[in-house]
Every structure is written in structure tokens, then in C-alpha cells.
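Chemist: coords_19.cif is the file, holding mmCIF, C-alpha atoms:
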data_target
loop_
_atom_site.label_atom_id
_atom_site.label_comp_id
_atom_site.auth_asym_id
_atom_site.auth_seq_id
_atom_site.Cartn_x
_atom_site.Cartn_y
_atom_site.Cartn_z
CA MET O 1 7.89 21.04 9.94
CA ARG O 2 7.74 18.63 12.83
CA ALA O 3 4.82 16.23 13.17
CA PHE O 4 4.22 13.00 15.08
CA GLY O 5 7.71 13.05 16.53
CA THR O 6 9.74 13.49 13.37
CA ASP O 7 10.70 16.12 10.77
CA PHE O 8 9.27 16.57 7.28
CA ALA O 9 10.42 18.94 4.52
CA VAL O 10 6.88 19.06 3.14
CA PRO O 11 5.73 22.26 1.41
CA PRO O 12 2.45 23.94 2.38
CA GLY O 13 -0.46 22.63 0.36
CA TYR O 14 1.03 19.22 -0.32
CA LEU O 15 -2.07 16.98 -0.43
CA ASN O 16 -0.90 14.31 -2.85
CA THR O 17 -0.11 11.44 -0.48
CA PRO O 18 -2.57 9.12 -2.31
CA SER O 19 -0.13 9.40 -5.24
CA VAL O 20 3.20 9.70 -3.45
CA SER O 21 4.08 10.60 0.12
CA VAL O 22 6.78 12.86 1.49
CA PRO O 23 9.23 10.85 3.63
CA PRO O 24 10.31 11.78 7.15
CA ALA O 25 13.81 13.19 7.35
CA PRO O 26 15.34 9.97 8.79
CA VAL O 27 14.00 7.99 5.83
CA ALA O 28 15.43 10.38 3.28
CA ASP O 29 18.70 10.57 5.19
CA ALA O 30 19.08 6.79 5.24
CA VAL O 31 18.53 6.60 1.47
CA ALA O 32 20.92 9.50 0.85
CA GLU O 33 23.60 7.77 2.91
CA SER O 34 23.21 4.62 0.83
CA VAL O 35 23.35 6.63 -2.39
CA GLU O 36 26.63 8.14 -1.19
CA ARG O 37 28.01 4.69 -0.40
CA TRP O 38 26.95 3.54 -3.87
CA ARG O 39 28.51 6.64 -5.48
CA THR O 40 31.82 6.02 -3.75
CA GLY O 41 31.97 2.27 -4.36
CA ALA O 42 31.51 1.40 -0.70
CA ILE O 43 28.36 -0.71 -1.11
CA ARG O 44 28.42 -4.48 -0.59
CA PRO O 45 25.28 -6.38 -1.68
CA ALA O 46 24.79 -8.37 1.52
CA GLU O 47 24.60 -5.19 3.60
CA PHE O 48 21.04 -4.67 2.33
CA ASP O 49 19.71 -7.96 3.71
CA PRO O 50 19.09 -6.52 7.20
CA TYR O 51 17.09 -3.67 5.69
CA VAL O 52 14.91 -6.15 3.81
CA ALA O 53 14.32 -8.06 7.06
CA ARG O 54 13.53 -4.89 9.01
CA ALA O 55 11.05 -3.69 6.41
CA ARG O 56 9.40 -7.10 6.26
CA ALA O 57 9.03 -7.15 10.04
CA GLY O 58 7.68 -3.59 10.02
CA PHE O 59 4.99 -4.44 7.50
CA ALA O 60 4.08 -7.59 9.42
CA ARG O 61 3.68 -5.54 12.59
CA LEU O 62 1.29 -3.11 10.91
CA LEU O 63 -0.90 -5.99 9.73
CA GLY O 64 -0.60 -8.13 12.86
CA VAL O 65 0.96 -11.10 11.09
CA ALA O 66 4.26 -12.97 11.39
CA PRO O 67 7.24 -11.75 9.31
CA ALA O 68 7.53 -15.27 7.87
CA ASP O 69 4.11 -14.72 6.29
CA VAL O 70 5.22 -11.63 4.36
CA ALA O 71 6.68 -11.59 0.85
CA MET O 72 8.65 -8.61 -0.43
CA GLY O 73 8.39 -7.15 -3.92
CA ALA O 74 8.58 -3.97 -5.96
CA SER O 75 4.93 -3.21 -6.77
CA ALA O 76 1.46 -4.26 -5.73
CA SER O 77 0.55 -5.67 -9.15
CA GLN O 78 3.68 -7.83 -9.30
CA LEU O 79 2.78 -9.36 -5.95
CA VAL O 80 -0.92 -9.77 -6.82
CA ALA O 81 0.21 -11.72 -9.90
CA ASN O 82 1.48 -14.46 -7.58
CA VAL O 83 -2.13 -14.97 -6.55
CA ALA O 84 -3.88 -14.40 -9.87
CA ALA O 85 -1.60 -16.67 -11.89
CA ALA O 86 -2.22 -19.57 -9.52
CA LEU O 87 -5.99 -19.60 -10.00
CA PRO O 88 -7.30 -22.58 -11.97
CA ALA O 89 -9.50 -22.27 -15.03
CA GLY O 90 -13.09 -21.52 -14.14
CA THR O 91 -12.29 -19.40 -11.09
CA ARG O 92 -14.84 -16.64 -10.46
CA VAL O 93 -13.40 -13.43 -9.02
CA LEU O 94 -15.50 -10.61 -7.54
CA ALA O 95 -14.13 -7.04 -7.66
CA ALA O 96 -15.34 -3.50 -7.04
CA GLU O 97 -16.31 -1.26 -9.94
CA GLY O 98 -13.63 1.31 -10.65
CA ASP O 99 -11.03 -0.23 -8.35
CA PHE O 100 -7.36 0.45 -9.02
CA THR O 101 -6.28 -1.77 -11.89
CA SER O 102 -3.25 -3.16 -10.06
CA VAL O 103 -5.88 -5.13 -8.14
CA THR O 104 -7.98 -6.28 -11.09
CA PHE O 105 -5.66 -6.49 -14.11
CA PRO O 106 -3.58 -9.43 -12.80
CA PHE O 107 -6.78 -11.48 -12.48
CA ALA O 108 -8.19 -10.32 -15.81
CA ALA O 109 -4.90 -11.31 -17.46
CA ASN O 110 -5.49 -14.95 -16.48
CA PRO O 111 -7.54 -16.31 -19.44
CA GLY O 112 -9.19 -18.96 -17.29
CA VAL O 113 -10.58 -16.49 -14.77
CA THR O 114 -13.85 -14.56 -14.91
CA VAL O 115 -13.83 -11.20 -13.13
CA THR O 116 -17.14 -9.59 -12.19
CA GLU O 117 -17.30 -5.97 -11.02
CA VAL O 118 -20.04 -4.68 -8.73
CA PRO O 119 -20.50 -1.39 -6.83
CA LEU O 120 -18.36 -1.25 -3.71
CA ASP O 121 -21.28 -0.72 -1.35
CA VAL O 122 -22.97 -3.97 -2.40
CA LEU O 123 -19.83 -6.06 -2.79
CA PRO O 124 -20.21 -8.05 0.47
CA SER O 125 -23.77 -9.02 -0.49
CA ARG O 126 -22.58 -10.38 -3.86
CA VAL O 127 -19.86 -12.72 -2.62
CA GLU O 128 -22.00 -15.87 -2.90
CA GLY O 129 -21.20 -17.68 -6.13
CA HIS O 130 -17.62 -16.42 -6.34
CA ASP O 131 -14.36 -18.14 -5.47
CA VAL O 132 -12.19 -15.10 -4.78
CA VAL O 133 -12.86 -11.49 -3.77
CA ALA O 134 -10.18 -8.94 -4.71
CA VAL O 135 -10.71 -5.39 -3.48
CA SER O 136 -8.90 -2.34 -2.14
CA VAL O 137 -9.51 -1.57 1.51
CA VAL O 138 -9.66 2.13 0.61
CA GLN O 139 -10.58 3.15 -2.91
CA SER O 140 -7.87 5.11 -4.71
CA ALA O 141 -10.23 7.39 -6.64
CA ASP O 142 -12.33 8.73 -3.78
CA GLY O 143 -11.31 7.19 -0.45
CA ARG O 144 -14.36 5.02 0.13
CA ILE O 145 -13.67 2.20 2.60
CA VAL O 146 -14.92 -1.34 2.02
CA ASP O 147 -17.06 -2.83 4.80
CA LEU O 148 -14.43 -5.27 6.06
CA PRO O 149 -16.52 -6.98 8.78
CA ALA O 150 -19.34 -7.60 6.29
CA LEU O 151 -16.89 -8.86 3.68
CA ARG O 152 -15.21 -11.18 6.17
CA ALA O 153 -18.56 -12.66 7.20
CA ALA O 154 -19.78 -13.05 3.63
CA ALA O 155 -16.56 -14.64 2.42
CA GLY O 156 -16.55 -17.04 5.34
CA ALA O 157 -20.13 -18.09 4.65
CA ALA O 158 -19.46 -18.55 0.93
CA GLY O 159 -16.07 -20.22 1.31
CA ALA O 160 -14.47 -17.51 -0.84
CA ALA O 161 -10.84 -16.46 -0.57
CA VAL O 162 -10.09 -12.75 -0.09
CA LEU O 163 -7.28 -10.57 -1.42
CA LEU O 164 -7.11 -7.06 0.04
CA ASP O 165 -5.07 -4.19 -1.37
CA ALA O 166 -4.13 -1.95 1.55
CA SER O 167 -2.04 0.50 -0.48
CA GLN O 168 -4.38 3.41 0.33
CA ALA O 169 -4.97 2.25 3.91
CA ALA O 170 -1.81 0.87 5.52
CA GLY O 171 0.04 3.62 7.36
CA TRP O 172 -2.94 5.68 8.45
CA LEU O 173 -5.85 3.30 9.06
CA PRO O 174 -5.65 0.74 11.89
CA LEU O 175 -6.13 -2.62 10.18
CA ASP O 176 -7.60 -5.92 11.36
CA VAL O 177 -6.93 -7.93 8.22
CA ALA O 178 -4.92 -10.97 9.31
CA TRP O 179 -8.00 -13.05 8.48
CA ALA O 180 -7.66 -12.32 4.73
CA ASP O 181 -5.89 -14.88 2.56
CA TRP O 182 -3.66 -12.21 1.03
CA VAL O 183 -3.00 -8.55 1.85
CA VAL O 184 -0.84 -6.43 -0.45
CA ALA O 185 0.38 -2.85 -0.17
CA ALA O 186 2.77 -0.58 -2.01
CA GLY O 187 5.18 1.42 0.11
CA TYR O 188 5.37 4.79 -1.60
CA LYS O 189 2.01 6.15 -0.53
CA TRP O 190 0.88 6.22 3.12
CA LEU O 191 3.79 4.00 4.23
CA LEU O 192 6.25 6.87 3.56
CA SER O 193 8.67 4.57 1.73
CA PRO O 194 10.46 4.87 -1.62
CA ARG O 195 8.82 3.59 -4.76
CA GLY O 196 10.05 0.08 -5.51
CA SER O 197 8.94 -1.36 -2.17
CA ALA O 198 5.81 -3.48 -1.67
CA TRP O 199 4.74 -6.44 0.43
CA LEU O 200 2.26 -9.30 0.33
CA ALA O 201 1.04 -11.02 3.48
CA VAL O 202 0.16 -14.63 2.69
CA ARG O 203 -1.85 -16.57 5.23
CA PRO O 204 -0.04 -19.90 5.81
CA ASP O 205 -2.93 -21.98 4.49
CA ALA O 206 -2.96 -19.87 1.30
CA ARG O 207 0.67 -20.55 0.32
CA GLU O 208 -0.24 -23.62 -1.73
CA ARG O 209 -2.74 -21.45 -3.64
CA THR O 210 -0.03 -18.91 -4.49
CA ARG O 211 2.52 -19.26 -7.31
CA ALA O 212 6.03 -17.81 -7.40
CA VAL O 213 5.65 -16.25 -10.85
CA ALA O 214 9.00 -14.47 -10.62
CA ALA O 215 10.97 -17.18 -8.82
CA ASN O 216 14.52 -15.94 -8.31
CA TRP O 217 17.65 -16.40 -6.23
CA PHE O 218 16.44 -14.14 -3.42
CA ALA O 219 13.36 -16.32 -2.91
CA GLY O 220 15.49 -19.21 -1.73
CA GLU O 221 15.62 -20.45 1.84
CA ASP O 222 19.18 -19.11 2.00
CA PRO O 223 19.38 -16.58 -0.86
CA TRP O 224 23.16 -16.56 -1.03
CA ALA O 225 23.12 -20.35 -1.48
CA THR O 226 20.61 -20.29 -4.34
CA VAL O 227 22.41 -18.05 -6.80
CA TYR O 228 23.45 -20.87 -9.15
CA GLY O 229 22.01 -24.05 -10.56
CA LEU O 230 18.99 -26.26 -10.14
CA PRO O 231 16.98 -27.79 -8.61
CA LEU O 232 14.39 -25.20 -7.64
CA ARG O 233 14.72 -24.61 -3.91
CA LEU O 234 12.46 -21.84 -2.65
CA ALA O 235 11.93 -20.76 0.93
CA ALA O 236 9.40 -22.74 2.94
CA ASP O 237 7.50 -19.61 4.02
CA ALA O 238 6.16 -16.52 2.22
CA ARG O 239 9.69 -15.53 1.23
CA ALA O 240 9.23 -17.99 -1.65
CA PHE O 241 7.34 -15.15 -3.37
CA ASP O 242 10.04 -12.53 -2.81
CA LEU O 243 11.43 -10.47 -5.63
CA SER O 244 15.10 -9.60 -5.71
CA PRO O 245 15.03 -6.40 -3.64
CA VAL O 246 15.26 -2.83 -4.87
CA TRP O 247 18.06 -1.99 -2.47
CA LEU O 248 17.64 1.74 -1.93
CA ALA O 249 13.87 1.35 -1.59
CA GLN O 250 14.33 -1.24 1.14
CA VAL O 251 16.71 1.03 3.03
CA GLY O 252 14.08 3.74 3.20
CA ALA O 253 11.26 1.30 3.90
CA ALA O 254 13.06 -0.22 6.87
CA VAL O 255 13.26 3.16 8.57
CA ALA O 256 9.77 4.28 7.55
CA LEU O 257 7.94 1.15 8.67
CA GLU O 258 9.72 1.06 12.00
CA TYR O 259 8.70 4.68 12.54
CA LEU O 260 5.07 3.99 11.63
CA GLY O 261 5.05 0.90 13.82
CA GLY O 262 5.84 3.08 16.81
CA LEU O 263 2.84 5.35 16.26
CA ASP O 264 -0.70 4.99 17.54
CA LEU O 265 -2.51 4.57 14.21
CA ALA O 266 -5.80 5.41 15.87
CA GLN O 267 -4.34 8.87 16.55
CA VAL O 268 -3.01 9.06 12.99
CA ALA O 269 -6.43 8.17 11.60
CA ALA O 270 -8.12 10.72 13.88
CA HIS O 271 -5.72 13.41 12.65
CA ASN O 272 -6.08 12.56 8.96
CA VAL O 273 -9.83 12.01 8.98
CA GLY O 274 -10.37 15.04 11.18
CA LEU O 275 -8.75 17.29 8.58
CA ALA O 276 -10.55 15.62 5.67
CA ASP O 277 -13.97 15.78 7.33
CA SER O 278 -13.34 19.36 8.40
CA LEU O 279 -12.77 20.27 4.77
CA LEU O 280 -15.97 18.53 3.71
CA GLU O 281 -17.97 20.18 6.48
CA LYS O 282 -16.74 23.65 5.52
CA LEU O 283 -17.67 22.92 1.91
CA GLY O 284 -21.17 22.01 3.03
CA LEU O 285 -20.65 18.30 2.36
CA PRO O 286 -21.25 15.34 4.70
CA PRO O 287 -18.25 13.77 6.49
CA ARG O 288 -17.01 10.49 5.05
CA GLY O 289 -14.61 9.16 7.67
CA THR O 290 -11.65 8.71 5.34
CA ALA O 291 -8.34 10.48 4.70
CA ILE O 292 -9.01 10.93 0.97
CA VAL O 293 -11.36 13.58 -0.40
CA SER O 294 -12.61 13.73 -3.99
CA LEU O 295 -13.96 17.10 -5.13
CA GLU O 296 -15.80 18.53 -8.12
CA ALA O 297 -13.29 21.30 -8.67
CA ASP O 298 -11.01 22.93 -11.21
CA PRO O 299 -7.53 21.36 -11.00
CA GLU O 300 -5.94 24.47 -12.50
CA ARG O 301 -7.34 26.60 -9.67
CA ALA O 302 -5.98 24.10 -7.19
CA ALA O 303 -2.51 24.24 -8.71
CA ALA O 304 -2.61 28.05 -8.87
CA ALA O 305 -3.40 28.12 -5.15
CA GLY O 306 -0.29 26.07 -4.38
CA ILE O 307 -2.18 22.83 -3.80
CA VAL O 308 -0.43 19.65 -4.91
CA SER O 309 -3.16 17.17 -5.76
CA SER O 310 -4.18 14.68 -8.44
CA VAL O 311 -7.05 14.30 -10.85
CA ARG O 312 -8.71 10.91 -10.54
CA ALA O 313 -11.97 9.84 -12.19
CA GLY O 314 -12.49 13.42 -13.38
CA ARG O 315 -12.29 14.95 -9.89
CA VAL O 316 -9.61 16.65 -7.81
CA ARG O 317 -8.31 14.20 -5.22
CA VAL O 318 -6.57 15.32 -2.04
CA GLY O 319 -5.34 13.29 0.89
CA PHE O 320 -4.37 14.23 4.44
CA HIS O 321 -1.49 12.55 6.28
CA LEU O 322 0.78 13.13 9.26
CA TYR O 323 2.34 16.30 7.87
CA ASN O 324 -0.87 18.10 6.94
CA THR O 325 -2.50 20.78 9.09
CA VAL O 326 -5.55 23.03 9.24
CA ASP O 327 -3.59 25.47 7.08
CA ASP O 328 -3.88 22.97 4.22
CA VAL O 329 -7.64 22.80 4.74
CA GLU O 330 -7.85 26.59 4.61
CA ARG O 331 -5.74 26.67 1.44
CA VAL O 332 -8.21 24.36 -0.31
CA LEU O 333 -11.15 26.44 0.89
CA ARG O 334 -9.57 29.65 -0.40
CA ALA O 335 -8.91 28.02 -3.77
CA PHE O 336 -12.53 27.06 -4.30
CA GLU O 337 -14.46 29.78 -2.47
#
Translate this file's structure into C-alpha cells.

Modeler:
Amino acid sequence: MRAFGTDFAVPPGYLNTPSVSVPPAPVADAVAESVERWRTGAIRPAEFDPYVARARAGFARLLGVAPADVAMGASASQLVANVAAALPAGTRVLAAEGDFTSVTFPFAANPGVTVTEVPLDVLPSRVEGHDVVAVSVVQSADGRIVDLPALRAAAGAAGAAVLLDASQAAGWLPLDVAWADWVVAAGYKWLLSPRGSAWLAVRPDARERTRAVAANWFAGEDPWATVYGLPLRLAADARAFDLSPVWLAQVGAAVALEYLGGLDLAQVAAHNVGLADSLLEKLGLPPRGTAIVSLEADPERAAAAGIVSSVRAGRVRVGFHLYNTVDDVERVLRAFE
């Protein structure tokens, strides 16, 4: 099918983007070309550096930050660990109940840190008395969206740092998050990129509060000059927190993020949310203004109806992205009527 100016080989009923997206044809083609070069011994390591730079710039554009403020990694949790491991003993972290554990586990793994969970809807009102707030912009289990303006105001008043996980938001929801100290996102969901790609935006004044827990050659100012020997010589910007890149993932991410950067995300959000809220309305449920829908339903009936979805928190979770249509809404309705 063709949607938003590009081609997708997505099957009808594919509603599993919150788990893994279907890439546009140019993304898959770019990865396939690199696989062929690898298979035939034509690959040279340095040829992937431009892809890393393009993907970094693409992520920065989506967040409205400078590319120099973006670190590249392989997963959200690995990048969050750069923040969590740097926190001193006694740090109090506020999180949302039931948030994805890639947000909370890195903090809980620091023995000097206390993590307190509260319901998402009251989280901004509980910031006082905490040093750091770590929360997903959009909840993985059910698509609820944190009140970002309220959180920003509360964190500013309390002097608390904020880490946002945009893995379920970046790529469909227009984001005004450059104010946050750290913003992380994995690429294989709404960003249409291969698994093994993720990024962390680090506000310049937060770099000293971030630790390069996986310091490596690629995190050097000039990576090809830091492959041997001490002393430690990391990049002066957020690239100090880079992981050695997953090459094929970065090839796909470069193409995907440039494509997304050329879209009007307000139109993308209107499309996605319009389908999701239409489904809720036809099921007799109130609209929720998010691309993810969580339903009390039988997952076996969903699968039998040709719906690709996930079970999260005991409910069937579906998500609507660029390549979904009203036909997908009707398929869900037929499955549960």
C-alpha cells in the first residue's frame, strides 16, 4: 500500500506498531542493499559513519535539539543507564506506576537510588521532594499520555531533573521536549527503524550529570583515532555516550528518520488518533486522544480475525500508524462484535 508518500508492504490488520513497526520500502531496501554488500565482502566499516550521522541528525530534528546533543545507542535501557548510573547515593527518583521497565529498572539497579512509583495522572503533583522524574511520554501498556506542560512546570518549581522516554511517542506525536534534561527513544517502534537503534538527547547542562557507562572507541572525539590505548579521550558533546553502532540498524534508521522528518507530524497524529478514537467510539467507549488502544478482549479472537496485536497488562493492545486505515478499524470491530 502507499501512505504518506511512500510504500509499505504491510498486511491488513497489522496493528502491532507499539511492539514493532513495518518499515517503508526505502528503509527495507537500504538495509537489504547493505546486507548484500556484507554478504559479498564489499562492506568497509567507515562507510557506516555517514548513516550514523544522518540518523543522529534525524532524531535531533524530531526533538528540536542540536545533533551534537544526541547520543546513539542500541536500546533505550542501555542509554538510560548512562543517566541512572551517574546518580549519587540518596537520589530520589519519581516514576509512573506500571511504566515500561526500560525506564525504571536502570534507576532501581542503582543501590543508592530510591524509586517511588505513583499513578500517572497525579505524577506532576508529586514531583516536590524528588530529585529526578523518569517517565514515558506515552505509556506502553495503554497509550496514556503524561501531562508534559504540568510536569515541566512542577519539575521547574521543584528543581527536579526530568528524563522522558519517547519510544511510544516519537514518530507520530509532535513533541516539545527540548526542555527535558534527557529524552530517550528506541527506533524500532513508531520511528520505523530496525531494532538495534536508539538515541538519547542530553541537554548540554546535563552532560556532567551523565556517565559514559559503556565508554568505547566510537565515543571518542575522532572515533578512528581512539581505537587503541589510553588515556580516556571521549567526545566533548553527547557523542561521549555513544555505543559502537549496530551498522545495519543505522542504515535503516538514517532513511527512516529523514523520511519522518519530512512529514507534518500534526497530520500523522491526526491520522493515527483519528483511527484509534473512531474504534473507541464505535465500541461505545470515550475517545482518548492517543494512537494506542487497550481493550478488554480475547486475544485468540483477534488473531483468528487476522489482527496482529499484543497482550499487555492483561489486555489486547493495538496501535495505529501511517499504514493503517479504516479497514483495520472495521476488522477489529468485526472480531469483537

Chemist: Measuring atom to atom with all atoms listed in the file, identify which of O:Ala85, O:Ala219, O:Val52, O:Val326 is nearest to Phe107 of chain O.

Modeler: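 Closest residue, counting all atoms listed in the file: O:Ala85.
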
Chemist: Which residues fall under the PyMOL selection byres ((chain O and resi 319) around 7) in this file, as a ChimeraX atom specification?

Modeler: /O:15-18,291-293,317-318,320-321

Chemist: Run the PyMOL selection byres ((chain O and resi 252) around 8) mentally over the shown coordinates, then write out the matched residues as a VMD selection string, using the chain letters and numbers from the document.

Modeler: chain O and resid 27 to 28 30 to 31 193 to 194 248 to 251 253 to 256

Chemist: Store the residues picked out above in a file with C-alpha atoms, as a short mmCIF file (atom, residue, chain, number, x, y, z; two decimals), keeping the file's coordinate frame.

Modeler:
data_model
loop_
_atom_site.label_atom_id
_atom_site.label_comp_id
_atom_site.auth_asym_id
_atom_site.auth_seq_id
_atom_site.Cartn_x
_atom_site.Cartn_y
_atom_site.Cartn_z
CA VAL O 27 14.00 7.99 5.83
CA ALA O 28 15.43 10.38 3.28
CA ALA O 30 19.08 6.79 5.24
CA VAL O 31 18.53 6.60 1.47
CA SER O 193 8.67 4.57 1.73
CA PRO O 194 10.46 4.87 -1.62
CA LEU O 248 17.64 1.74 -1.93
CA ALA O 249 13.87 1.35 -1.59
CA GLN O 250 14.33 -1.24 1.14
CA VAL O 251 16.71 1.03 3.03
CA ALA O 253 11.26 1.30 3.90
CA ALA O 254 13.06 -0.22 6.87
CA VAL O 255 13.26 3.16 8.57
CA ALA O 256 9.77 4.28 7.55
#

Chemist: When the PyMOL selection byres ((chain O and resi 204) around 9) is applied to the file above, which residues end up in the set, as a PyMOL selection string?

Modeler: chain O and resi 69+181+202-203+205-208+237-238

Chemist: Hey, can you check how far atom CA of Pro23 of chain O sits from atom CA of Asp242 of chain O?

Modeler: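 A separation of 24.3 Å between them.
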
Chemist: State, in Å with one decimal place, the distance from atom CA of Val103 of chain O to atom CA of Gln168 of chain O.

Modeler: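 That distance, rounded to one decimal, is 12.1 Å.
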
Chemist: Given the point (-9.2, -20.4, -9.2) in the file's coordinates, find the residues that have an atom at most 10 Å from it, counting all atoms listed in the file, and give them as a ChimeraX atom specification.

Modeler: /O:83-93,107,110,112-114,130-132,161,209

Chemist: With distances taken over all atoms listed in the file, which of O:Leu164, O:Val184, O:Val22, O:Ile145 is nearest to Asn324 of chain O?

Modeler: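 Checking each candidate against Asn324 of chain O, we get O:Val22 as the closest.
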
Chemist: Give as a ChimeraX atom specification the set of residues within 9 Å of the point (-10.9, 12.3, 5.7), where distances use the file's coordinates and all atoms listed in the file.

Modeler: /O:143,269-280,287-293,319-320

Chemist: Keeping C-alpha atoms for every residue in the selection just given, could you write it to a file as a short mmCIF file (atom, residue, chain, number, x, y, z; two decimals), in the coordinates of the input?

Modeler:
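Saved result, part_6.cif, follows:
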data_model
loop_
_atom_site.label_atom_id
_atom_site.label_comp_id
_atom_site.auth_asym_id
_atom_site.auth_seq_id
_atom_site.Cartn_x
_atom_site.Cartn_y
_atom_site.Cartn_z
CA GLY O 143 -11.31 7.19 -0.45
CA ALA O 269 -6.43 8.17 11.60
CA ALA O 270 -8.12 10.72 13.88
CA HIS O 271 -5.72 13.41 12.65
CA ASN O 272 -6.08 12.56 8.96
CA VAL O 273 -9.83 12.01 8.98
CA GLY O 274 -10.37 15.04 11.18
CA LEU O 275 -8.75 17.29 8.58
CA ALA O 276 -10.55 15.62 5.67
CA ASP O 277 -13.97 15.78 7.33
CA SER O 278 -13.34 19.36 8.40
CA LEU O 279 -12.77 20.27 4.77
CA LEU O 280 -15.97 18.53 3.71
CA PRO O 287 -18.25 13.77 6.49
CA ARG O 288 -17.01 10.49 5.05
CA GLY O 289 -14.61 9.16 7.67
CA THR O 290 -11.65 8.71 5.34
CA ALA O 291 -8.34 10.48 4.70
CA ILE O 292 -9.01 10.93 0.97
CA VAL O 293 -11.36 13.58 -0.40
CA GLY O 319 -5.34 13.29 0.89
CA PHE O 320 -4.37 14.23 4.44
#

Chemist: May I ask for the distance between atom CA of Val146 of chain O and atom CA of Met72 of chain O, given in Å to one decimal place?

Modeler: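 According to the coordinates, atom CA of Val146 of chain O and atom CA of Met72 of chain O are separated by 24.8 Å.
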
Chemist: Considering all atoms listed in the file, state which residue in the set O:Val137, O:Leu79, O:Leu322, O:Ala108 is at the smallest distance from Ser21 of chain O.

Modeler: O:Leu322

Chemist: Of the candidates O:Ala185, O:Ala236, O:Val127, O:Ile307, which one gets nearest to Ser197 of chain O if we count all atoms listed in the file?

Modeler: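 Smallest separation from Ser197 of chain O among the options: O:Ala185.
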
Chemist: With all atoms listed in the file as the atoms that count, which of O:Ala68, O:Val246, O:Val135, O:Leu263 lies nearest to Leu173 of chain O?

Modeler: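 Nearest candidate to Leu173 of chain O out of O:Ala68, O:Val246, O:Val135, O:Leu263: O:Leu263.
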
Chemist: Hey, what's within 9 Å of Arg152 of chain O if we count all atoms listed in the file and toss same-chain stuff fewer than 5 positions away? As a compact mmCIF listing (two decimals) with C-alpha atoms, keeping the file's coordinate frame, please?

Modeler:
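Result file part_10.txt:
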# COMPACT_ATOMS: atom_id res chain seq x y z
CA PRO O 124 -20.21 -8.05 0.47
CA ASP O 147 -17.06 -2.83 4.80
CA ALA O 157 -20.13 -18.09 4.65
CA VAL O 162 -10.09 -12.75 -0.09
CA TRP O 179 -8.00 -13.05 8.48
CA ALA O 180 -7.66 -12.32 4.73

Chemist: Calculated over all atoms listed in the file, which of the candidates O:Ala134, O:Ala178, O:Leu120, O:Ala141 has the smallest distance to Ser310 of chain O?

Modeler: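 Using all atoms listed in the file, Ser310 of chain O sits closest to O:Ala141.
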
Chemist: Can you tell me which residues surround segment 115-117 of chain O at a distance of at most 6 Å, considering all atoms listed in the file, apart from same-chain residues fewer than 5 positions away, and format the answer as a ChimeraX atom specification?

Modeler: /O:93-97

Chemist: Near Asn216 of chain O, counting all atoms listed in the file, which residues have an atom at most 9 Å away, once you skip same-chain residues fewer than 5 positions from it, shown as a PyMOL selection string?

Modeler: chain O and resi 223+226-227+234+240-244

Chemist: Since fewer atoms than expected are present, regenerate all heavy atoms for segment 174-179 of chain O and write them as a tab-separated table (two decimals), in the coordinates of the input.

Modeler:
chain	number	residue	atom	x	y	z
O	174	PRO	N	-5.88	1.97	11.14
O	174	PRO	CA	-5.65	0.74	11.89
O	174	PRO	C	-6.34	-0.43	11.17
O	174	PRO	O	-7.51	-0.33	10.80
O	174	PRO	CB	-6.29	1.02	13.25
O	174	PRO	CG	-6.31	2.51	13.36
O	174	PRO	CD	-6.55	3.01	11.97
O	175	LEU	N	-5.62	-1.52	10.99
O	175	LEU	CA	-6.13	-2.62	10.18
O	175	LEU	C	-6.24	-3.91	10.98
O	175	LEU	O	-5.31	-4.29	11.68
O	175	LEU	CB	-5.23	-2.86	8.97
O	175	LEU	CG	-5.18	-1.73	7.93
O	175	LEU	CD1	-4.09	-2.01	6.90
O	175	LEU	CD2	-6.53	-1.56	7.25
O	176	ASP	N	-7.38	-4.57	10.83
O	176	ASP	CA	-7.60	-5.92	11.36
O	176	ASP	C	-7.85	-6.80	10.15
O	176	ASP	O	-9.00	-7.08	9.79
O	176	ASP	CB	-8.78	-5.92	12.33
O	176	ASP	CG	-9.10	-7.33	12.86
O	176	ASP	OD1	-8.25	-8.24	12.69
O	176	ASP	OD2	-10.20	-7.52	13.40
O	177	VAL	N	-6.78	-7.24	9.51
O	177	VAL	CA	-6.93	-7.93	8.22
O	177	VAL	C	-6.16	-9.26	8.18
O	177	VAL	O	-6.04	-9.86	7.11
O	177	VAL	CB	-6.45	-7.04	7.06
O	177	VAL	CG1	-7.39	-5.85	6.88
O	177	VAL	CG2	-5.01	-6.55	7.29
O	178	ALA	N	-5.68	-9.73	9.31
O	178	ALA	CA	-4.92	-10.97	9.31
O	178	ALA	C	-5.77	-12.16	8.87
O	178	ALA	O	-5.24	-13.21	8.51
O	178	ALA	CB	-4.33	-11.23	10.70
O	179	TRP	N	-7.09	-11.99	8.89
O	179	TRP	CA	-8.00	-13.05	8.48
O	179	TRP	C	-8.00	-13.26	6.96
O	179	TRP	O	-8.37	-14.33	6.47
O	179	TRP	CB	-9.43	-12.73	8.92
O	179	TRP	CG	-9.92	-11.40	8.44
O	179	TRP	CD1	-9.79	-10.20	9.09
O	179	TRP	CD2	-10.57	-11.11	7.20
O	179	TRP	NE1	-10.33	-9.18	8.34
O	179	TRP	CE2	-10.82	-9.71	7.17
O	179	TRP	CE3	-10.98	-11.88	6.11
O	179	TRP	CZ2	-11.46	-9.09	6.09
O	179	TRP	CZ3	-11.61	-11.26	5.04
O	179	TRP	CH2	-11.85	-9.88	5.04
